[in-house]
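Chemist: This is the structure, below, for whatever I ask next.
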Amino acid sequence: MPSTHIFLYGGFAPQSYEYCWLQWLRGHGYRVTTLERERSVRDRVPYPLSAISWKFCPEVLAWYESRTLVKRVLAVSPDLLLIVSGHLITKAALEEIKASSPATMLFHFYNEDYFNPLNTKPLMLRAVSGFDHVFTTKSFNVLELSRLGVANVTYVPHGYRPNCHYPVAVTEEDRERYGADIAFVG
């Protein structure tokens, strides 16, 4: 049984990267602690206010989210902190974790374009150089992230995950309702 302790931060919706990784890691005997992305914000800030804050002052939401992450990570001192799409994690939070738990490796995985303002807030770009390693599914982001001061960047192409990609039984009702000659997925 592996002795590595992994702290996984993400959305955990079925079919998401982090959900599939969580299932695989636990299935292979890894100790995994989780924190659902942006849960602390949803628990503290009512929806209309959080939506306005996300648009106009994400730093306020980031303060809540980052404080929660730091507290939870330092309570368990994992070997690896893997953040998936950490839109609201500040560089200061990463620096605090690294200073208080220097053995914890800080990894970030993002499957969107880091430099597309429709996908990525400036807050994430300011924080990205605080990670020990960054993984991107966009090959063109490797050089761009290096220019931002990210020391270790790895391109990871999208791939097949057997614990998430598998045939699903389709009923006749589903075929009638959703059936079409062409479908768009993405």
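If you're wondering about the labels, chains in the structure tokens are A, B, ... by order shown, residues count from 1 in each chain, ligands from 1 in order shown.
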Please list as a PyMOL selection string every residue within 9 Å of region 125-131 of chain A, counting only C-alpha atoms and excluding residues in the same chain fewer than 6 positions away.
Modeler: chain A and resi 87+89-95+105-108+114-115+145-146+148-152
Chemist: Filtering to C-alpha atoms, could you give me those residues as an mmCIF file, in the first residue's frame?
Modeler:
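Listing of out.cif after writing:
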data_model
loop_
_atom_site.group_PDB
_atom_site.id
_atom_site.type_symbol
_atom_site.label_atom_id
_atom_site.label_comp_id
_atom_site.auth_asym_id
_atom_site.auth_seq_id
_atom_site.Cartn_x
_atom_site.Cartn_y
_atom_site.Cartn_z
ATOM 1 C CA HIS A 87 -9.517 29.989 -9.791
ATOM 2 C CA ILE A 89 -6.482 30.205 -4.764
ATOM 3 C CA THR A 90 -4.054 33.043 -4.109
ATOM 4 C CA LYS A 91 -0.291 33.007 -4.414
ATOM 5 C CA ALA A 92 -0.124 34.095 -0.749
ATOM 6 C CA ALA A 93 -2.014 30.937 0.238
ATOM 7 C CA LEU A 94 0.455 28.787 -1.700
ATOM 8 C CA GLU A 95 3.389 30.589 -0.093
ATOM 9 C CA MET A 105 4.684 19.541 -3.231
ATOM 10 C CA LEU A 106 2.235 21.975 -4.862
ATOM 11 C CA PHE A 107 0.841 20.900 -8.239
ATOM 12 C CA HIS A 108 -1.747 22.600 -10.433
ATOM 13 C CA TYR A 114 -4.596 29.958 -18.969
ATOM 14 C CA PHE A 115 -4.546 33.096 -21.107
ATOM 15 C CA LEU A 145 3.614 29.905 -18.526
ATOM 16 C CA SER A 146 7.398 29.652 -18.585
ATOM 17 C CA LEU A 148 5.411 34.045 -16.345
ATOM 18 C CA GLY A 149 8.069 32.426 -14.187
ATOM 19 C CA VAL A 150 6.593 28.948 -13.828
ATOM 20 C CA ALA A 151 9.682 26.761 -13.469
ATOM 21 C CA ASN A 152 8.120 23.371 -14.235
#
Chemist: Quick one: residues within 12 Å of Trp54 (chain A), only C-alpha atoms, excluding same-chain residues fewer than 6 positions away - as a VMD selection string?
Modeler: chain A and resid 38 41 to 42 45 to 48 60 to 62 87 to 88 120 to 123
Chemist: Tell me, in Å to one decimal, how far CA of Pro167 (chain A) is from CA of Tyr19 (chain A).
Modeler: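 Interatomic distance here is 17.8 Å.
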Chemist: Considering only C-alpha atoms, return as a PyMOL selection string whatever protein or nucleic-acid residues lie within 12 Å of region 3-14 of chain A, sequence-local ones (same chain, fewer than 4 positions apart) excluded.
Modeler: chain A and resi 18-23+25-26+28-39+65-66+68-70+72-89+103-110+163-165
Chemist: As number ranges by chain, list the residues of chain A assigned to alpha helix (DSSP H) by DSSP on the backbone atoms of this structure.
Modeler: A: 17-27, 39-44, 47-56, 58-76, 91-100, 122-127, 141-147, 172-178
Chemist: Name the closest residue to Trp24 (chain A) among the candidates A:Glu144, A:Ile52, A:Arg161, A:Asn116; distances are taken between atoms, counting only C-alpha atoms.
Modeler: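 Result for the nearest residue to Trp24 (chain A): A:Arg161.
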